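Below is the file structure17.tsv, which contains TSV, C-alpha atoms and all ligand atoms.
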chain	number	residue	atom	x	y	z
L	1	MET	CA	-13.33	-54.52	18.25
L	2	SER	CA	-15.88	-56.53	20.18
L	3	MET	CA	-17.95	-59.23	18.46
L	4	HIS	CA	-20.98	-58.34	20.57
L	5	SER	CA	-24.03	-56.41	19.43
L	6	TRP	CA	-24.36	-52.67	19.94
L	7	THR	CA	-26.93	-53.09	22.74
L	8	THR	CA	-24.60	-55.48	24.58
L	9	ARG	CA	-21.75	-53.01	24.21
L	10	ALA	CA	-23.95	-50.25	25.67
L	11	VAL	CA	-24.05	-52.34	28.87
L	12	HIS	CA	-20.36	-53.29	28.94
L	13	ALA	CA	-18.46	-50.48	27.20
L	14	GLY	CA	-15.94	-48.75	29.47
L	15	LYS	CA	-16.05	-51.67	31.93
L	16	ASP	CA	-14.26	-54.52	30.16
L	17	ASP	CA	-11.32	-54.47	32.58
L	18	LEU	CA	-13.39	-54.52	35.78
L	19	ALA	CA	-13.58	-58.27	36.41
L	20	ALA	CA	-9.79	-58.59	36.06
L	21	LEU	CA	-9.47	-55.81	38.63
L	22	GLY	CA	-11.76	-57.77	40.98
L	23	LEU	CA	-14.46	-55.10	40.70
L	24	HIS	CA	-18.06	-55.00	39.55
L	25	ALA	CA	-18.91	-51.28	39.72
L	26	PRO	CA	-16.46	-48.83	38.14
L	27	PRO	CA	-14.20	-47.09	40.70
L	28	ILE	CA	-14.78	-43.36	41.25
L	29	ASP	CA	-11.48	-41.46	41.42
L	30	LEU	CA	-12.04	-38.10	43.11
L	31	SER	CA	-8.36	-37.07	43.20
L	32	THR	CA	-7.66	-33.46	42.32
L	33	THR	CA	-3.92	-34.13	42.22
L	34	TYR	CA	-1.68	-37.14	41.55
L	35	PRO	CA	1.57	-37.63	43.48
L	36	SER	CA	4.82	-38.32	41.67
L	37	TYR	CA	8.36	-38.64	43.03
L	38	ASP	CA	9.69	-38.40	39.46
L	39	VAL	CA	9.48	-34.63	38.97
L	40	VAL	CA	11.21	-34.62	35.58
L	41	GLY	CA	8.99	-37.42	34.27
L	42	GLU	CA	5.92	-35.62	35.63
L	43	ALA	CA	6.96	-32.40	33.88
L	44	THR	CA	7.21	-34.28	30.57
L	45	ARG	CA	3.79	-35.83	31.16
L	46	LEU	CA	2.29	-32.41	31.83
L	47	ASP	CA	3.74	-31.12	28.54
L	48	GLU	CA	2.07	-34.02	26.74
L	49	PHE	CA	-1.29	-33.33	28.36
L	50	ALA	CA	-1.00	-29.61	27.52
L	51	GLU	CA	-0.62	-30.66	23.86
L	52	GLY	CA	-3.89	-32.58	24.12
L	53	HIS	CA	-2.43	-36.11	24.34
L	54	ASP	CA	-3.89	-38.54	26.84
L	55	ASP	CA	-2.00	-41.82	27.28
L	56	GLY	CA	-4.36	-43.11	29.97
L	57	GLY	CA	-1.74	-42.76	32.72
L	58	PRO	CA	-1.92	-40.66	35.91
L	59	PRO	CA	-3.36	-37.24	34.93
L	60	VAL	CA	-0.99	-35.04	37.05
L	61	TYR	CA	-3.99	-32.85	37.99
L	62	GLY	CA	-7.77	-33.30	38.05
L	63	ARG	CA	-8.46	-30.57	35.49
L	64	VAL	CA	-6.39	-32.46	32.91
L	65	ALA	CA	-8.02	-35.90	32.81
L	66	ASN	CA	-9.64	-38.41	35.15
L	67	PRO	CA	-9.80	-42.22	35.08
L	68	THR	CA	-13.55	-42.38	35.81
L	69	VAL	CA	-14.31	-39.75	33.17
L	70	ARG	CA	-12.09	-41.67	30.71
L	71	ARG	CA	-14.29	-44.74	31.15
L	72	PHE	CA	-17.32	-42.72	30.08
L	73	GLU	CA	-15.40	-41.14	27.19
L	74	ASN	CA	-14.17	-44.51	25.92
L	75	ALA	CA	-17.64	-46.04	26.19
L	76	LEU	CA	-19.35	-43.17	24.36
L	77	ALA	CA	-16.65	-43.17	21.65
L	78	GLU	CA	-17.26	-46.88	21.12
L	79	LEU	CA	-21.05	-46.42	20.91
L	80	GLU	CA	-20.72	-43.55	18.40
L	81	GLY	CA	-18.10	-45.43	16.36
L	82	ALA	CA	-15.50	-42.72	17.08
L	83	GLU	CA	-11.76	-42.91	17.73
L	84	ALA	CA	-12.16	-40.76	20.83
L	85	ALA	CA	-14.52	-38.71	22.96
L	86	VAL	CA	-13.84	-35.72	25.18
L	87	ALA	CA	-16.17	-34.97	28.08
L	88	PHE	CA	-17.03	-31.55	29.50
L	89	ALA	CA	-18.91	-30.03	32.42
L	90	SER	CA	-21.97	-29.31	30.24
L	91	GLY	CA	-23.16	-29.46	26.64
L	92	MET	CA	-22.47	-25.73	26.24
L	93	ALA	CA	-18.91	-26.21	27.56
L	94	ALA	CA	-18.46	-28.94	24.93
L	95	LEU	CA	-19.75	-26.68	22.16
L	96	SER	CA	-17.58	-23.79	23.38
L	97	ALA	CA	-14.49	-25.99	23.15
L	98	CYS	CA	-15.39	-26.95	19.55
L	99	LEU	CA	-15.72	-23.26	18.63
L	100	LEU	CA	-12.56	-22.18	20.47
L	101	ALA	CA	-10.58	-24.93	18.73
L	102	GLN	CA	-11.60	-23.49	15.36
L	103	VAL	CA	-10.83	-19.92	16.45
L	104	ALA	CA	-7.38	-21.07	17.63
L	105	ALA	CA	-6.81	-22.75	14.25
L	106	GLY	CA	-7.53	-19.45	12.46
L	107	ARG	CA	-10.87	-20.53	11.02
L	108	PRO	CA	-13.40	-18.58	13.10
L	109	HIS	CA	-16.26	-18.57	10.59
L	110	VAL	CA	-19.15	-20.95	11.28
L	111	VAL	CA	-22.01	-21.95	9.02
L	112	GLY	CA	-25.03	-22.55	11.23
L	113	VAL	CA	-28.16	-24.45	10.22
L	114	ARG	CA	-31.24	-23.37	12.15
L	115	PRO	CA	-33.04	-24.38	14.25
L	116	LEU	CA	-30.56	-25.09	17.03
L	117	TYR	CA	-30.94	-25.13	20.81
L	118	GLY	CA	-31.54	-21.49	21.85
L	119	THR	CA	-28.28	-20.92	23.73
L	120	THR	CA	-26.30	-22.53	20.89
L	121	ASP	CA	-28.03	-20.16	18.48
L	122	HIS	CA	-27.24	-17.24	20.79
L	123	LEU	CA	-23.58	-18.23	21.21
L	124	LEU	CA	-23.14	-18.32	17.43
L	125	ASP	CA	-25.25	-15.23	16.71
L	126	SER	CA	-23.54	-13.12	19.40
L	127	GLY	CA	-19.99	-14.11	18.41
L	128	LEU	CA	-19.10	-14.07	22.11
L	129	LEU	CA	-16.21	-16.51	21.60
L	130	GLY	CA	-14.74	-14.76	18.56
L	131	THR	CA	-16.59	-16.72	15.89
L	132	SER	CA	-18.78	-15.23	13.17
L	133	VAL	CA	-21.78	-17.02	11.70
L	134	THR	CA	-23.61	-17.31	8.42
L	135	TRP	CA	-27.04	-18.87	8.83
L	136	ALA	CA	-28.00	-21.25	6.06
L	137	THR	CA	-30.50	-23.93	5.13
L	138	PRO	CA	-29.11	-27.47	4.86
L	139	GLU	CA	-29.24	-27.12	1.07
L	140	ASP	CA	-27.38	-23.76	1.07
L	141	ALA	CA	-24.82	-24.60	3.75
L	142	ALA	CA	-22.05	-25.60	1.33
L	143	SER	CA	-22.33	-22.35	-0.63
L	144	ALA	CA	-21.97	-20.34	2.62
L	145	ILE	CA	-18.51	-21.84	3.25
L	146	THR	CA	-15.52	-19.49	2.91
L	147	ALA	CA	-11.76	-19.95	3.27
L	148	ARG	CA	-12.14	-19.00	6.95
L	149	THR	CA	-14.92	-21.50	7.73
L	150	GLY	CA	-13.87	-23.90	10.48
L	151	LEU	CA	-17.16	-25.60	11.19
L	152	VAL	CA	-20.68	-26.32	10.00
L	153	VAL	CA	-23.04	-26.67	12.97
L	154	VAL	CA	-26.30	-28.57	12.70
L	155	GLU	CA	-28.70	-30.24	15.14
L	156	SER	CA	-30.84	-33.16	14.04
L	157	PRO	CA	-33.51	-33.75	15.16
L	158	ALA	CA	-33.44	-30.08	16.07
L	159	ASN	CA	-34.40	-28.45	19.33
L	160	PRO	CA	-37.30	-27.59	19.54
L	161	THR	CA	-39.02	-28.24	16.18
L	162	LEU	CA	-37.55	-31.73	15.62
L	163	ASP	CA	-36.61	-30.79	12.05
L	164	GLU	CA	-34.35	-33.41	10.52
L	165	VAL	CA	-31.39	-32.88	8.25
L	166	ASP	CA	-30.11	-35.32	5.63
L	167	LEU	CA	-26.70	-35.65	7.27
L	168	ARG	CA	-25.09	-37.64	4.46
L	169	ALA	CA	-26.08	-35.03	1.87
L	170	LEU	CA	-24.90	-32.18	4.11
L	171	THR	CA	-21.53	-33.71	4.99
L	172	ASP	CA	-20.86	-34.68	1.35
L	173	ALA	CA	-21.69	-31.16	0.19
L	174	CYS	CA	-19.60	-29.43	2.90
L	175	ALA	CA	-16.49	-31.68	2.79
L	176	PRO	CA	-13.71	-31.12	3.71
L	177	VAL	CA	-15.04	-28.56	6.22
L	178	PRO	CA	-15.85	-30.36	9.50
L	179	VAL	CA	-19.53	-30.83	10.28
L	180	LEU	CA	-20.56	-30.88	13.93
L	181	VAL	CA	-23.86	-32.64	14.60
L	182	ASP	CA	-25.68	-32.03	17.86
L	183	SER	CA	-27.27	-35.46	18.24
L	184	THR	CA	-28.61	-34.95	21.76
L	185	PHE	CA	-32.23	-35.73	20.82
L	186	ALA	CA	-31.33	-38.84	18.79
L	187	THR	CA	-28.71	-40.47	21.04
L	188	PRO	CA	-26.48	-43.12	19.43
L	189	VAL	CA	-29.42	-45.52	19.75
L	190	LEU	CA	-31.27	-43.84	16.87
L	191	GLN	CA	-28.51	-42.14	14.88
L	192	ARG	CA	-24.71	-42.29	14.53
L	193	PRO	CA	-23.70	-39.19	12.57
L	194	LEU	CA	-20.04	-40.20	12.15
L	195	GLU	CA	-21.28	-43.04	9.92
L	196	GLN	CA	-22.90	-40.34	7.79
L	197	GLY	CA	-19.72	-38.32	7.35
L	198	ALA	CA	-19.91	-35.98	10.37
L	199	THR	CA	-16.60	-34.96	11.96
L	200	MET	CA	-17.94	-34.38	15.46
L	201	VAL	CA	-20.98	-35.57	17.37
L	202	LEU	CA	-22.01	-33.44	20.31
L	203	HIS	CA	-24.28	-34.50	23.14
L	204	SER	CA	-25.66	-32.63	26.03
L	205	ALA	CA	-25.04	-35.68	28.23
L	206	THR	CA	-27.35	-34.08	30.81
L	207	LYS	CA	-30.25	-35.42	28.75
L	208	TYR	CA	-30.58	-39.03	27.56
L	209	LEU	CA	-27.05	-40.24	28.34
L	210	GLY	CA	-27.55	-39.48	32.03
L	211	GLY	CA	-31.24	-40.20	31.74
L	212	HIS	CA	-32.41	-39.38	35.25
L	213	GLY	CA	-32.26	-35.59	35.45
L	214	ASP	CA	-29.48	-35.66	38.07
L	215	VAL	CA	-26.22	-35.22	36.20
L	216	MET	CA	-24.90	-32.42	34.01
L	217	GLY	CA	-22.32	-32.97	31.29
L	218	GLY	CA	-21.39	-32.67	27.65
L	219	VAL	CA	-19.35	-34.84	25.32
L	220	VAL	CA	-17.92	-34.70	21.82
L	221	ALA	CA	-17.15	-37.90	19.89
L	222	CYS	CA	-14.66	-37.43	17.05
L	223	GLY	CA	-11.32	-38.49	15.56
L	224	GLU	CA	-8.15	-38.43	17.68
L	225	ASP	CA	-6.74	-35.28	15.99
L	226	MET	CA	-9.85	-33.27	16.83
L	227	ALA	CA	-9.97	-34.83	20.30
L	228	ARG	CA	-6.42	-33.57	20.90
L	229	SER	CA	-7.51	-30.00	20.04
L	230	LEU	CA	-10.51	-30.30	22.34
L	231	ARG	CA	-8.40	-31.63	25.23
L	232	GLN	CA	-6.00	-28.70	24.74
L	233	ILE	CA	-8.92	-26.29	25.11
L	234	ARG	CA	-10.35	-28.20	28.08
L	235	PHE	CA	-6.92	-28.13	29.76
L	236	VAL	CA	-6.79	-24.31	29.71
L	237	THR	CA	-10.48	-23.52	30.22
L	238	GLY	CA	-11.04	-25.99	33.06
L	239	ALA	CA	-14.31	-27.26	31.60
L	240	MET	CA	-13.63	-30.84	32.75
L	241	LEU	CA	-16.50	-33.19	33.57
L	242	HIS	CA	-16.68	-34.06	37.29
L	243	PRO	CA	-15.71	-37.69	38.11
L	244	MET	CA	-19.06	-38.31	39.84
L	245	ALA	CA	-20.77	-37.16	36.67
L	246	GLY	CA	-18.48	-39.47	34.67
L	247	TYR	CA	-19.63	-42.37	36.85
L	248	GLU	CA	-23.33	-41.48	36.50
L	249	LEU	CA	-23.06	-41.01	32.74
L	250	LEU	CA	-21.33	-44.37	32.32
L	251	ARG	CA	-24.10	-45.96	34.37
L	252	GLY	CA	-26.67	-44.21	32.17
L	253	LEU	CA	-25.25	-45.71	28.99
L	254	ALA	CA	-26.14	-49.24	30.11
L	255	THR	CA	-29.87	-48.49	30.11
L	256	LEU	CA	-29.80	-46.01	27.23
L	257	PRO	CA	-31.15	-48.43	24.58
L	258	VAL	CA	-34.11	-49.61	26.70
L	259	ARG	CA	-34.93	-46.11	27.93
L	260	VAL	CA	-34.82	-44.57	24.46
L	261	ARG	CA	-36.78	-47.38	22.80
L	262	GLY	CA	-39.40	-47.44	25.57
L	263	ALA	CA	-39.94	-43.69	25.65
L	264	SER	CA	-39.90	-43.57	21.86
L	265	ALA	CA	-42.79	-46.00	21.58
L	266	THR	CA	-44.82	-43.89	24.01
L	267	ALA	CA	-43.87	-40.63	22.26
L	268	SER	CA	-44.90	-41.91	18.86
L	269	GLU	CA	-48.29	-42.96	20.27
L	270	LEU	CA	-48.72	-39.54	21.93
L	271	ALA	CA	-47.81	-37.85	18.62
L	272	ARG	CA	-50.56	-39.89	16.93
L	273	ARG	CA	-53.15	-38.94	19.57
L	274	LEU	CA	-52.10	-35.26	19.50
L	275	ALA	CA	-52.56	-35.17	15.72
L	276	ASP	CA	-56.22	-36.11	16.23
L	277	HIS	CA	-56.85	-33.47	18.92
L	278	PRO	CA	-59.01	-30.54	17.80
L	279	ARG	CA	-56.89	-28.02	19.74
L	280	VAL	CA	-53.64	-29.22	18.20
L	281	THR	CA	-52.82	-27.53	14.91
L	282	ARG	CA	-49.56	-29.29	14.07
L	283	VAL	CA	-47.48	-32.14	15.48
L	284	HIS	CA	-43.72	-32.47	15.03
L	285	TYR	CA	-42.26	-35.96	15.41
L	286	PRO	CA	-39.00	-37.18	13.82
L	287	SER	CA	-38.94	-39.91	11.17
L	288	ILE	CA	-36.16	-41.65	13.14
L	289	GLY	CA	-38.39	-41.72	16.24
L	290	GLY	CA	-37.26	-40.56	19.66
L	291	ALA	CA	-38.82	-39.44	22.90
L	292	MET	CA	-39.42	-35.80	21.96
L	293	VAL	CA	-42.73	-34.53	20.60
L	294	SER	CA	-43.49	-30.90	19.80
L	295	PHE	CA	-46.85	-29.49	18.84
L	296	GLU	CA	-48.52	-26.24	18.01
L	297	THR	CA	-51.78	-25.55	19.74
L	298	SER	CA	-54.73	-23.17	19.42
L	299	ALA	CA	-54.95	-23.31	23.23
L	300	ASP	CA	-52.82	-20.91	25.32
L	301	PRO	CA	-49.39	-22.67	25.34
L	302	VAL	CA	-48.29	-21.01	28.60
L	303	ALA	CA	-51.51	-21.97	30.39
L	304	LEU	CA	-51.15	-25.50	28.97
L	305	VAL	CA	-47.67	-25.95	30.43
L	306	SER	CA	-48.89	-24.64	33.79
L	307	ALA	CA	-51.87	-27.02	33.83
L	308	VAL	CA	-50.03	-30.36	33.78
L	309	ARG	CA	-50.10	-32.42	36.98
L	310	LEU	CA	-48.27	-35.69	36.21
L	311	ILE	CA	-45.88	-34.27	33.62
L	312	THR	CA	-43.44	-31.74	35.12
L	313	PRO	CA	-43.33	-28.21	33.69
L	314	ALA	CA	-39.57	-27.75	33.27
L	315	VAL	CA	-36.82	-27.21	30.72
L	316	SER	CA	-34.41	-30.02	29.93
L	317	LEU	CA	-35.28	-33.43	28.58
L	318	GLY	CA	-34.27	-37.05	28.43
L	319	SER	CA	-35.20	-38.01	31.97
L	320	VAL	CA	-37.19	-41.08	33.03
L	321	ASP	CA	-40.05	-38.71	33.87
L	322	SER	CA	-41.86	-36.51	31.33
L	323	LEU	CA	-41.16	-32.79	31.08
L	324	ILE	CA	-42.98	-30.06	29.16
L	325	GLN	CA	-42.00	-26.49	28.33
L	326	HIS	CA	-42.80	-23.52	26.08
L	327	PRO	CA	-39.67	-22.86	23.92
L	328	ALA	CA	-40.50	-19.21	23.14
L	329	SER	CA	-40.60	-18.52	26.91
L	330	LEU	CA	-37.66	-20.64	28.04
L	331	THR	CA	-35.23	-22.72	25.96
L	332	HIS	CA	-35.31	-20.31	22.99
L	333	ARG	CA	-36.11	-17.11	24.88
L	334	ILE	CA	-32.55	-15.80	24.49
L	335	MET	CA	-33.03	-15.57	20.70
L	336	ASP	CA	-34.68	-12.43	19.37
L	337	GLU	CA	-38.14	-12.78	17.89
L	338	VAL	CA	-36.96	-12.41	14.29
L	339	SER	CA	-34.37	-15.17	14.69
L	340	ARG	CA	-36.96	-17.41	16.34
L	341	LYS	CA	-39.27	-16.83	13.40
L	342	GLU	CA	-36.48	-17.56	10.90
L	343	ALA	CA	-35.80	-20.79	12.76
L	344	GLY	CA	-39.48	-21.78	12.50
L	345	ILE	CA	-40.12	-21.61	16.25
L	346	SER	CA	-43.69	-20.44	16.66
L	347	ALA	CA	-45.03	-18.80	19.82
L	348	ASP	CA	-47.69	-21.56	19.86
L	349	LEU	CA	-45.14	-24.36	20.03
L	350	VAL	CA	-44.99	-26.63	23.09
L	351	ARG	CA	-42.16	-29.16	23.57
L	352	LEU	CA	-42.71	-32.44	25.39
L	353	SER	CA	-39.96	-34.79	26.58
L	354	VAL	CA	-41.62	-38.17	27.03
L	355	GLY	CA	-40.45	-40.35	29.90
L	356	LEU	CA	-41.20	-43.90	30.93
L	357	GLU	CA	-44.66	-43.41	32.44
L	358	ASP	CA	-47.71	-45.27	31.10
L	359	VAL	CA	-48.95	-43.81	27.83
L	360	ASP	CA	-52.59	-43.54	28.98
L	361	ASP	CA	-51.61	-41.69	32.16
L	362	LEU	CA	-49.56	-39.23	30.12
L	363	TRP	CA	-52.35	-38.76	27.59
L	364	ALA	CA	-54.91	-38.14	30.36
L	365	ASP	CA	-52.69	-35.42	31.83
L	366	LEU	CA	-51.79	-33.84	28.50
L	367	SER	CA	-55.34	-33.80	27.15
L	368	GLN	CA	-56.77	-32.30	30.38
L	369	ALA	CA	-54.08	-29.58	30.23
L	370	ILE	CA	-54.98	-28.79	26.61
L	371	VAL	CA	-58.68	-28.53	27.48
L	372	HIS	CA	-57.87	-26.42	30.57
L	373	ALA	CA	-55.84	-23.99	28.42
L	374	SER	CA	-58.33	-23.74	25.57
L	375	ARG	CA	-59.35	-20.19	24.69
B	401	LIG	C1	-31.84	-23.14	30.09
B	401	LIG	S1	-32.80	-23.83	28.88
B	401	LIG	C2	-32.29	-25.37	28.64
B	401	LIG	C3	-31.97	-26.58	28.67
B	401	LIG	C4	-31.94	-27.65	27.64
B	401	LIG	N1	-30.83	-27.52	26.74
B	401	LIG	C5	-33.26	-27.73	26.90
B	401	LIG	O1	-33.33	-27.65	25.70
B	401	LIG	O2	-34.25	-27.92	27.57

How would this structure read if it were set down as structure tokens?
Ligand code: MET
Amino acid sequence: MSMHSWTTRAVHAGKDDLAALGLHAPPIDLSTTYPSYDVVGEATRLDEFAEGHDDGGPPVYGRVANPTVRRFENALAELEGAEAAVAFASGMAALSACLLAQVAAGRPHVVGVRPLYGTTDHLLDSGLLGTSVTWATPEDAASAITARTGLVVVESPANPTLDEVDLRALTDACAPVPVLVDSTFATPVLQRPLEQGATMVLHSATKYLGGHGDVMGGVVACGEDMARSLRQIRFVTGAMLHPMAGYELLRGLATLPVRVRGASATASELARRLADHPRVTRVHYPSIGGAMVSFETSADPVALVSAVRLITPAVSLGSVDSLIQHPASLTHRIMDEVSRKEAGISADLVRLSVGLEDVDDLWADLSQAIVHASR
């Protein structure tokens, strides 16, 4: 283990071998196949990969593993304090693999703690992958566990209300059932759930890990046994992260601490100003900080989102530029109204992803949009 600080490791993780290779930037390996004149040896290697092992050698085929993607996986695992990480084509592909692994193990029941990202909620509620769900509060989650429960799923801070869960209390209460924490909004800069007893940490890497709104991916950090199950699923479902995305995500990790801390400072100031605004009825901002702010408004939330000029009206988050959206219309639209209500997602809620612009410029845009949308 390195003697350097976490912030230093964010810059160097996944790249420690580069200087010895005579390189500065990580190589991008776009191979879809890997030649071998040793057919018998290659067949044995393929068997190993199919079982979810990854020895770091040639991957046989691009769907199985990739050296550039491995660099990102190793770096993220190090930053989350995990034995391993497994990267996928999107956050939803990563979540799907976690669910399918539990179904394959004969434990298809999930305890879900709302709120969650809308499509996550929908995937669990619909049972599309063969899981069933019991929705529970963090306090009731342990009592919802049955002999067939494979997973407890929680997101903290949650999308879109920024509700926080006491992860240590939850994981202690639910042990030995694995707890999966969607930590997309926190990033490992603000929270490392494995240190609080979580079994798996999931990120939509599309958000802060990439950080520039130009790369889609998902990743799960966990122990090697779980990683093996996830690689087995990835092998057969083909949900592999693209090598270019692996490169971009590794690059994103180097600036993750400065981006998250910078945007966090701006977001906390915007949360303070919003709380004083007469058209804002409630502000949601996590105790651990972060670059997401949600608020309920007496103005028309749809008109508000349409009235911004510097901020971009769009779903997604975690980019260097600020984005705003109306969860009931977009990110959580797929949930039915009753479920949205149960999850505490009001029709008046607006979600803001704060970027790296100047705080006064953002406030000027946001406050003019609120006034414009006032009814
Ligand atoms: C298609 S909606 C979503 C994207 C993203 N997960 C968000 O919360 O904004």

Worksheet item: From the list L:Leu256, L:Ala364, L:Leu180, L:Ala144, which residue is nearest Val320 (chain L) when using all atoms listed in the file?
Response: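 Result for the nearest residue to Val320 (chain L): L:Leu256.
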
List every residue of region 90-201 of chain L that has an atom at most 8 Å from any atom of region 221-234 of chain L, and for each one report the closest atom pair and its distance in Å to one decimal, counting all atoms listed in the file, with rows sorted by chain and then by increasing residue number, as CSV.
residue,atom,partner,partner_atom,distance
L:Ala97,CA,L:Ile233,CA,5.9
L:Cys98,CA,L:Leu230,CA,6.5
L:Leu100,CA,L:Ile233,CA,7.2
L:Ala101,CA,L:Ser229,CA,6.1
L:Leu194,CA,L:Cys222,CA,7.8
L:Thr199,CA,L:Cys222,CA,6.0
L:Met200,CA,L:Cys222,CA,4.8
L:Val201,CA,L:Ala221,CA,5.1

Next, write the just-selected residues to a file, as a PDB file, in the coordinates of the input, keeping C-alpha atoms as the atom set.
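Below is the file out-v4.pdb, written as the result:
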ATOM      1  CA  ALA L  97     -14.490 -25.990  23.150  1.00  0.00           C
ATOM      2  CA  CYS L  98     -15.390 -26.950  19.550  1.00  0.00           C
ATOM      3  CA  LEU L 100     -12.560 -22.180  20.470  1.00  0.00           C
ATOM      4  CA  ALA L 101     -10.580 -24.930  18.730  1.00  0.00           C
ATOM      5  CA  LEU L 194     -20.040 -40.200  12.150  1.00  0.00           C
ATOM      6  CA  THR L 199     -16.600 -34.960  11.960  1.00  0.00           C
ATOM      7  CA  MET L 200     -17.940 -34.380  15.460  1.00  0.00           C
ATOM      8  CA  VAL L 201     -20.980 -35.570  17.370  1.00  0.00           C
TER       9      VAL L 201
END

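Put simply, CA of Gly106 (chain L) is 20.9 Å away from CA of Val154 (chain L).
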
Worksheet, complete the sentence: Students should find that CA of Ala85 (chain L) and CA of Leu23 (chain L) are spaced 24.2 Å

Could the residues of chain L that have an atom at most 8 Å from ligand LIG 401 (chain B) be listed as JSON lines, each with its closest atom pair and the distance in Å to one decimal, counting all atoms listed in the file and ordered by chain and ascending residue number?
{"residue": "L:Gly91", "atom": "CA", "partner": "B:LIG401", "partner_atom": "N1", "distance": 7.9}
{"residue": "L:Tyr117", "atom": "CA", "partner": "B:LIG401", "partner_atom": "O1", "distance": 6.0}
{"residue": "L:Gly118", "atom": "CA", "partner": "B:LIG401", "partner_atom": "O1", "distance": 7.5}
{"residue": "L:Thr119", "atom": "CA", "partner": "B:LIG401", "partner_atom": "S1", "distance": 7.4}
{"residue": "L:Asn159", "atom": "CA", "partner": "B:LIG401", "partner_atom": "O1", "distance": 6.5}
{"residue": "L:Pro160", "atom": "CA", "partner": "B:LIG401", "partner_atom": "O1", "distance": 7.3}
{"residue": "L:Ser204", "atom": "CA", "partner": "B:LIG401", "partner_atom": "N1", "distance": 7.3}
{"residue": "L:Ala314", "atom": "CA", "partner": "B:LIG401", "partner_atom": "O2", "distance": 7.8}
{"residue": "L:Val315", "atom": "CA", "partner": "B:LIG401", "partner_atom": "O2", "distance": 4.1}
{"residue": "L:Ser316", "atom": "CA", "partner": "B:LIG401", "partner_atom": "O2", "distance": 3.2}
{"residue": "L:Leu317", "atom": "CA", "partner": "B:LIG401", "partner_atom": "O2", "distance": 5.7}
{"residue": "L:Gln325", "atom": "CA", "partner": "B:LIG401", "partner_atom": "O2", "distance": 7.9}
{"residue": "L:Leu330", "atom": "CA", "partner": "B:LIG401", "partner_atom": "S1", "distance": 5.9}
{"residue": "L:Thr331", "atom": "CA", "partner": "B:LIG401", "partner_atom": "S1", "distance": 4.0}
{"residue": "L:His332", "atom": "CA", "partner": "B:LIG401", "partner_atom": "S1", "distance": 7.3}

Worksheet item: Quick one: of L:Ile370, L:Thr255, L:Lys341, L:Glu248, who's nearest to Phe295 (chain L), counting all atoms listed in the file?
Response: L:Ile370

Practice prompt. Pull the neighbourhood of (-4.3, -34.0, 39.6) for me: all residues within 7 Å in file coordinates, counting only C-alpha atoms, as a PyMOL selection string.
Written response: chain L and resi 31-34+59-63

Worksheet entry | Point (-54.1, -28.9, 14.2), cut-off 12 Å, counting only C-alpha atoms, residues as an MDAnalysis selection string | chainID L and resid 271:284 295:299 348:349

Fill in: Closest of L:Asp29, L:Asp365, L:Glu337, L:Asp38 to Tyr247 (chain L) - atom-to-atom distances counting all atoms listed in the file
L:Asp29

Worksheet item: In terms of the shortest atom-to-atom distance over only C-alpha atoms, which of L:Leu128, L:Gly56, L:Asp360, L:Ser36 is closest to Val69 (chain L)?
Response: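 Looking at the shortest contact to Val69 (chain L), the residue is L:Gly56.
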
Worksheet, complete the sentence: A straight line from CA of Leu129 (chain L) to CA of Val220 (chain L) spans 18.3 Å

Save N, CA and C atoms of region 218-227 of chain L from the block above as a compact mmCIF listing (two decimals), in the first residue's frame.
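Dumped everything to part24.txt:
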# COMPACT_ATOMS: atom_id res chain seq x y z
N GLY L 218 -20.17 2.64 -15.59
CA GLY L 218 -20.57 2.29 -14.23
C GLY L 218 -19.48 1.44 -13.62
N VAL L 219 -19.42 1.41 -12.30
CA VAL L 219 -18.37 0.61 -11.66
C VAL L 219 -18.85 0.17 -10.28
N VAL L 220 -18.44 -1.03 -9.90
CA VAL L 220 -18.74 -1.55 -8.57
C VAL L 220 -17.41 -1.87 -7.89
N ALA L 221 -17.18 -1.32 -6.71
CA ALA L 221 -16.00 -1.63 -5.91
C ALA L 221 -16.43 -2.59 -4.81
N CYS L 222 -15.67 -3.66 -4.60
CA CYS L 222 -16.11 -4.71 -3.67
C CYS L 222 -14.94 -5.65 -3.37
N GLY L 223 -15.23 -6.72 -2.65
CA GLY L 223 -14.23 -7.76 -2.39
C GLY L 223 -14.03 -8.62 -3.62
N GLU L 224 -12.93 -9.40 -3.64
CA GLU L 224 -12.60 -10.20 -4.83
C GLU L 224 -13.65 -11.27 -5.12
N ASP L 225 -14.26 -11.88 -4.08
CA ASP L 225 -15.27 -12.92 -4.33
C ASP L 225 -16.46 -12.35 -5.09
N MET L 226 -16.94 -11.20 -4.63
CA MET L 226 -18.07 -10.55 -5.31
C MET L 226 -17.65 -10.09 -6.70
N ALA L 227 -16.43 -9.59 -6.81
CA ALA L 227 -15.94 -9.13 -8.13
C ALA L 227 -15.95 -10.28 -9.13
